[in-house]
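Q: Below you'll find query_31.cif; it's mmCIF, C-alpha atoms, pLDDT in the B column; chains and numbers go by the auth columns.
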```
data_coords
#
loop_
_atom_site.group_PDB
_atom_site.id
_atom_site.type_symbol
_atom_site.label_atom_id
_atom_site.label_comp_id
_atom_site.label_asym_id
_atom_site.label_seq_id
_atom_site.Cartn_x
_atom_site.Cartn_y
_atom_site.Cartn_z
_atom_site.B_iso_or_equiv
_atom_site.auth_seq_id
_atom_site.auth_asym_id
ATOM 1 C CA MET A 1 -19.626 15.301 14.642 58.00 229 B
ATOM 2 C CA VAL A 2 -17.401 14.692 17.655 65.00 230 B
ATOM 3 C CA GLU A 3 -15.967 11.691 15.800 70.00 231 B
ATOM 4 C CA SER A 4 -14.781 14.043 13.048 63.00 232 B
ATOM 5 C CA PHE A 5 -12.714 15.976 15.585 65.00 233 B
ATOM 6 C CA TYR A 6 -11.508 12.746 17.170 75.00 234 B
ATOM 7 C CA SER A 7 -10.266 11.352 13.867 74.00 235 B
ATOM 8 C CA LEU A 8 -8.164 14.498 13.304 73.00 236 B
ATOM 9 C CA ARG A 9 -6.614 14.530 16.779 82.00 237 B
ATOM 10 C CA TRP A 10 -3.067 13.564 15.701 87.00 238 B
ATOM 11 C CA PHE A 11 -3.066 15.947 12.758 84.00 239 B
ATOM 12 C CA LEU A 12 -4.240 18.782 14.979 81.00 240 B
ATOM 13 C CA ALA A 13 -1.681 17.866 17.654 88.00 241 B
ATOM 14 C CA ALA A 14 1.150 17.915 15.084 91.00 242 B
ATOM 15 C CA THR A 15 -0.025 21.234 13.662 89.00 243 B
ATOM 16 C CA LEU A 16 -0.323 22.774 17.119 89.00 244 B
ATOM 17 C CA THR A 17 3.159 21.506 18.015 93.00 245 B
ATOM 18 C CA VAL A 18 4.671 23.174 14.949 93.00 246 B
ATOM 19 C CA TRP A 19 2.883 26.438 15.750 92.00 247 B
ATOM 20 C CA VAL A 20 4.030 26.365 19.392 92.00 248 B
ATOM 21 C CA LEU A 21 7.598 25.789 18.208 94.00 249 B
ATOM 22 C CA GLY A 22 7.155 28.745 15.852 92.00 250 B
ATOM 23 C CA VAL A 23 6.101 30.932 18.784 92.00 251 B
ATOM 24 C CA MET A 24 8.969 29.684 20.934 93.00 252 B
ATOM 25 C CA LEU A 25 11.480 30.416 18.144 93.00 253 B
ATOM 26 C CA GLU A 26 9.791 33.806 17.570 90.00 254 B
ATOM 27 C CA ALA A 27 8.913 32.984 13.967 92.00 255 B
ATOM 28 C CA ILE A 28 5.213 33.543 14.752 90.00 256 B
ATOM 29 C CA ASP A 29 3.997 36.294 17.057 91.00 257 B
ATOM 30 C CA PHE A 30 1.382 35.534 19.691 89.00 258 B
ATOM 31 C CA TYR A 31 -1.385 37.353 17.786 87.00 259 B
ATOM 32 C CA GLY A 32 -0.659 35.276 14.689 88.00 260 B
ATOM 33 C CA PHE A 33 -0.624 32.102 16.772 91.00 261 B
ATOM 34 C CA THR A 34 -4.009 32.798 18.360 90.00 262 B
ATOM 35 C CA THR A 35 -5.433 33.731 14.962 88.00 263 B
ATOM 36 C CA LEU A 36 -4.181 30.463 13.465 89.00 264 B
ATOM 37 C CA VAL A 37 -5.588 28.378 16.319 90.00 265 B
ATOM 38 C CA ILE A 38 -9.000 30.060 16.314 92.00 266 B
ATOM 39 C CA ARG A 39 -9.287 30.036 12.517 91.00 267 B
ATOM 40 C CA THR A 40 -8.289 26.362 12.339 88.00 268 B
ATOM 41 C CA ALA A 41 -10.733 25.352 15.082 88.00 269 B
ATOM 42 C CA ILE A 42 -13.586 27.156 13.354 92.00 270 B
ATOM 43 C CA TYR A 43 -12.803 25.752 9.920 90.00 271 B
ATOM 44 C CA VAL A 44 -12.421 22.222 11.324 86.00 272 B
ATOM 45 C CA GLY A 45 -15.912 22.596 12.788 88.00 273 B
ATOM 46 C CA PHE A 46 -17.247 23.918 9.495 92.00 274 B
ATOM 47 C CA MET A 47 -15.626 21.111 7.511 90.00 275 B
ATOM 48 C CA SER A 48 -16.941 18.532 9.990 88.00 276 B
ATOM 49 C CA ALA A 49 -20.476 19.798 9.480 90.00 277 B
ATOM 50 C CA ALA A 50 -20.023 19.990 5.703 91.00 278 B
ATOM 51 C CA GLY A 51 -18.497 16.501 5.660 89.00 279 B
ATOM 52 C CA VAL A 52 -21.351 14.985 7.623 87.00 280 B
ATOM 53 C CA TRP A 53 -23.914 16.633 5.347 88.00 281 B
ATOM 54 C CA SER A 54 -22.108 15.640 2.154 90.00 282 B
ATOM 55 C CA SER A 55 -21.663 12.044 3.340 87.00 283 B
ATOM 56 C CA LEU A 56 -25.395 11.814 3.973 84.00 284 B
ATOM 57 C CA PHE A 57 -26.273 13.514 0.698 82.00 285 B
ATOM 58 C CA ALA A 58 -23.849 11.826 -1.730 84.00 286 B
ATOM 59 C CA THR A 59 -24.187 8.271 -2.965 84.00 287 B
ATOM 60 C CA THR A 60 -20.472 7.349 -2.839 88.00 288 B
ATOM 61 C CA SER A 61 -17.571 8.347 -0.623 87.00 289 B
ATOM 62 C CA GLY A 62 -15.673 9.899 -3.545 90.00 290 B
ATOM 63 C CA ARG A 63 -18.599 12.161 -4.344 91.00 291 B
ATOM 64 C CA ALA A 64 -18.960 13.038 -0.661 89.00 292 B
ATOM 65 C CA ILE A 65 -15.313 14.092 -0.413 90.00 293 B
ATOM 66 C CA THR A 66 -15.559 16.086 -3.641 92.00 294 B
ATOM 67 C CA LEU A 67 -18.733 17.757 -2.438 92.00 295 B
ATOM 68 C CA ALA A 68 -17.211 18.584 0.965 91.00 296 B
ATOM 69 C CA LEU A 69 -14.150 20.155 -0.676 92.00 297 B
ATOM 70 C CA ALA A 70 -16.359 22.115 -3.081 94.00 298 B
ATOM 71 C CA ILE A 71 -18.417 23.367 -0.126 93.00 299 B
ATOM 72 C CA TRP A 72 -15.207 24.485 1.585 91.00 300 B
ATOM 73 C CA LEU A 73 -13.862 26.305 -1.492 93.00 301 B
ATOM 74 C CA VAL A 74 -17.135 28.015 -2.341 94.00 302 B
ATOM 75 C CA GLY A 75 -17.795 28.784 1.316 92.00 303 B
ATOM 76 C CA LYS A 76 -14.363 30.335 1.789 92.00 304 B
ATOM 77 C CA ILE A 77 -14.866 32.573 -1.251 94.00 305 B
ATOM 78 C CA LEU A 78 -18.402 33.566 -0.231 94.00 306 B
ATOM 79 C CA PHE A 79 -17.426 34.149 3.425 93.00 307 B
ATOM 80 C CA THR A 80 -14.576 36.415 2.336 93.00 308 B
ATOM 81 C CA ILE A 81 -16.723 38.405 -0.105 95.00 309 B
ATOM 82 C CA ALA A 82 -19.533 38.763 2.445 94.00 310 B
ATOM 83 C CA ALA A 83 -17.078 39.794 5.169 93.00 311 B
ATOM 84 C CA VAL A 84 -15.510 42.463 2.939 94.00 312 B
ATOM 85 C CA LEU A 85 -18.946 43.839 2.056 94.00 313 B
ATOM 86 C CA LEU A 86 -20.157 43.812 5.665 92.00 314 B
ATOM 87 C CA VAL A 87 -17.025 45.526 6.966 91.00 315 B
ATOM 88 C CA ALA A 88 -17.128 48.101 4.163 90.00 316 B
ATOM 89 C CA VAL A 89 -20.768 48.901 4.947 92.00 317 B
ATOM 90 C CA ALA A 90 -20.012 49.073 8.685 88.00 318 B
ATOM 91 C CA MET A 91 -17.096 51.453 8.065 84.00 319 B
ATOM 92 C CA LEU A 92 -19.244 53.562 5.748 85.00 320 B
ATOM 93 C CA ILE A 93 -21.978 53.789 8.386 85.00 321 B
ATOM 94 C CA HIS A 94 -19.339 54.669 10.984 79.00 322 B
ATOM 95 C CA TYR A 95 -17.969 57.438 8.768 79.00 323 B
ATOM 96 C CA LEU A 96 -21.443 58.768 7.897 81.00 324 B
ATOM 97 C CA LEU A 97 -22.491 58.845 11.547 79.00 325 B
ATOM 98 C CA TRP A 98 -19.248 60.546 12.518 75.00 326 B
ATOM 99 C CA SER A 99 -19.500 63.141 9.774 72.00 327 B
ATOM 100 C CA SER A 100 -23.165 63.894 10.419 74.00 328 B
ATOM 101 C CA LEU A 101 -22.577 64.249 14.151 71.00 329 B
ATOM 102 C CA GLY A 102 -19.415 66.233 13.479 63.00 330 B
ATOM 103 C CA LEU A 103 -21.290 68.651 11.245 52.00 331 B
ATOM 104 C CA ALA A 104 -24.090 68.934 13.781 49.00 332 B
ATOM 105 C CA ILE A 105 -21.755 70.194 16.484 52.00 333 B
ATOM 106 C CA GLY A 106 -19.811 72.503 14.177 51.00 334 B
ATOM 107 C CA ARG A 107 -16.788 70.388 13.326 54.00 335 B
ATOM 108 C CA THR A 108 -16.349 70.730 9.609 52.00 336 B
ATOM 109 C CA SER A 109 -12.748 69.608 9.274 56.00 337 B
ATOM 110 C CA GLY A 110 -12.052 67.005 6.628 58.00 338 B
ATOM 111 C CA ILE A 111 -10.265 64.652 9.002 61.00 339 B
ATOM 112 C CA MET A 112 -11.401 61.054 8.667 61.00 340 B
ATOM 113 C CA PRO A 113 -12.553 59.388 11.870 61.00 341 B
ATOM 114 C CA ARG A 114 -10.301 56.782 13.401 66.00 342 B
ATOM 115 C CA PRO A 115 -11.870 53.356 12.839 67.00 343 B
ATOM 116 C CA LEU A 116 -12.811 51.293 15.859 71.00 344 B
ATOM 117 C CA MET A 117 -10.590 48.418 14.668 79.00 345 B
ATOM 118 C CA SER A 118 -8.478 47.553 11.669 84.00 346 B
ATOM 119 C CA PHE A 119 -10.126 46.412 8.463 84.00 347 B
ATOM 120 C CA GLU A 120 -8.234 43.104 8.628 86.00 348 B
ATOM 121 C CA LEU A 121 -9.388 42.336 12.170 87.00 349 B
ATOM 122 C CA ALA A 122 -12.987 43.270 11.417 88.00 350 B
ATOM 123 C CA MET A 123 -12.946 41.171 8.242 90.00 351 B
ATOM 124 C CA THR A 124 -11.515 38.183 10.119 90.00 352 B
ATOM 125 C CA ILE A 125 -14.180 38.482 12.819 91.00 353 B
ATOM 126 C CA PHE A 126 -17.022 38.726 10.291 92.00 354 B
ATOM 127 C CA GLU A 127 -15.624 35.889 8.156 93.00 355 B
ATOM 128 C CA LEU A 128 -15.284 33.541 11.115 94.00 356 B
ATOM 129 C CA ALA A 129 -18.716 34.527 12.457 94.00 357 B
ATOM 130 C CA LEU A 130 -20.262 33.671 9.076 94.00 358 B
ATOM 131 C CA CYS A 131 -18.392 30.360 9.082 94.00 359 B
ATOM 132 C CA VAL A 132 -19.600 29.486 12.591 95.00 360 B
ATOM 133 C CA GLY A 133 -23.179 30.454 11.723 94.00 361 B
ATOM 134 C CA THR A 134 -23.145 28.334 8.576 94.00 362 B
ATOM 135 C CA ALA A 135 -21.645 25.367 10.438 93.00 363 B
ATOM 136 C CA ILE A 136 -24.357 25.637 13.094 94.00 364 B
ATOM 137 C CA LEU A 137 -27.071 25.761 10.420 94.00 365 B
ATOM 138 C CA ILE A 138 -25.628 22.727 8.611 91.00 366 B
ATOM 139 C CA ALA A 139 -25.338 20.773 11.876 89.00 367 B
ATOM 140 C CA TRP A 140 -28.888 21.700 12.856 89.00 368 B
ATOM 141 C CA TYR A 141 -30.201 20.686 9.422 87.00 369 B
ATOM 142 C CA CYS A 142 -28.389 17.333 9.596 84.00 370 B
ATOM 143 C CA HIS A 143 -29.725 16.742 13.092 81.00 371 B
ATOM 144 C CA ALA A 144 -33.291 17.649 12.176 80.00 372 B
ATOM 145 C CA ARG A 145 -33.364 15.747 8.875 78.00 373 B
ATOM 146 C CA PHE A 146 -30.945 12.895 9.593 77.00 374 B
ATOM 147 C CA ASP A 147 -33.351 10.043 8.829 72.00 375 B
ATOM 148 C CA ARG A 148 -34.495 11.608 5.569 71.00 376 B
ATOM 149 C CA LEU A 149 -30.931 12.441 4.473 66.00 377 B
ATOM 150 C CA ALA A 150 -29.744 8.928 5.316 68.00 378 B
ATOM 151 C CA GLY A 151 -32.583 7.441 3.268 67.00 379 B
ATOM 152 C CA ARG A 152 -34.402 5.890 6.188 65.00 380 B
ATOM 153 C CA CYS A 153 -37.735 7.547 5.492 64.00 381 B
ATOM 154 C CA PRO A 154 -39.324 8.386 2.145 60.00 382 B
ATOM 155 C CA ALA A 155 -39.339 11.922 0.837 58.00 383 B
ATOM 156 C CA ARG A 156 -43.134 11.920 0.650 63.00 384 B
ATOM 157 C CA PRO A 157 -45.609 9.850 2.556 62.00 385 B
ATOM 158 C CA ILE A 158 -46.727 6.788 0.628 61.00 386 B
ATOM 159 C CA PRO A 159 -50.430 7.006 -0.170 65.00 387 B
ATOM 160 C CA VAL A 160 -52.384 4.080 1.195 67.00 388 B
ATOM 161 C CA ARG A 161 -55.739 3.125 -0.233 70.00 389 B
ATOM 162 C CA ILE A 162 -58.166 1.402 2.005 72.00 390 B
ATOM 163 C CA GLN A 163 -60.504 -0.909 0.170 72.00 391 B
ATOM 164 C CA PRO A 164 -64.017 -1.013 1.565 72.00 392 B
ATOM 165 C CA THR A 165 -65.060 -4.520 2.512 67.00 393 B
#
```
Could you show the structure in this file as structure tokens?

A:
Amino acid sequence: MVESFYSLRWFLAATLTVWVLGVMLEAIDFYGFTTLVIRTAIYVGFMSAAGVWSSLFATTSGRAITLALAIWLVGKILFTIAAVLLVAVAMLIHYLLWSSLGLAIGRTSGIMPRPLMSFELAMTIFELALCVGTAILIAWYCHARFDRLAGRCPARPIPVRIQPT
């Protein structure tokens, strides 16, 4: 998978140059810049893993590219939905714990607790964590099953009959 990063080196260098110029010209703030760099690095890793798997799985290069893009689109949608659900559940648990502890010590005001972090930041963290976890699982699967995915070993062992002599 290192070759996948190596083949994108000039594209990534050009993108990083444009972002650094954006920071220098104050068109992008530093938080936005770091978010862009981290998000791009994680999605490049995810797409590298998905590309390796799809190239081993598909019969032609066109199908492999189509499959890799479909994995990216479906993954992006599923990561976002899962991140929203996880953050919503975490915020609900935070509110329920706060309200139950608040009622236990006699605070019955209807003031909502201040969240530990913004919804956007929590969603970004969960989304990128899901992306990293999926990329690691895909890379591990490709590593463990490389010969079978590449067609070098049969799916099932070939039965061999031994004739008595």

Q: Need to verify the contact set: Ile299 in chain B, 10 Å, only C-alpha atoms, exclusion of same-chain residues closer than 6 positions in sequence. Can you return it as number ranges by chain?

A: B: 274-275, 278-279, 282, 293, 305

Q: Would you compute the distance between CA of Ile309 in chain B and CA of Leu284 in chain B? Give it in Å to one decimal.

A: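 It comes out at 28.3 Å.
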
Q: Enumerate, as a PyMOL selection string, the residues matched when the PyMOL selection byres ((chain B and resi 271) around 9) is run on the file above.

A: chain B and resi 266-270+272-276+300+356+359-360+363

Q: Restricting the calculation to only C-alpha atoms: of B:Met351, B:Ala296, B:Ala367, B:Ala286, which residue gets closest to Ala318 in chain B?

A: B:Met351

Q: Just give me the gap between CA of Ala372 in chain B and CA of Lys304 in chain B in Å, one decimal is fine.

A: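 Value for the CA of Ala372 in chain B-CA of Lys304 in chain B distance: 25.0 Å.
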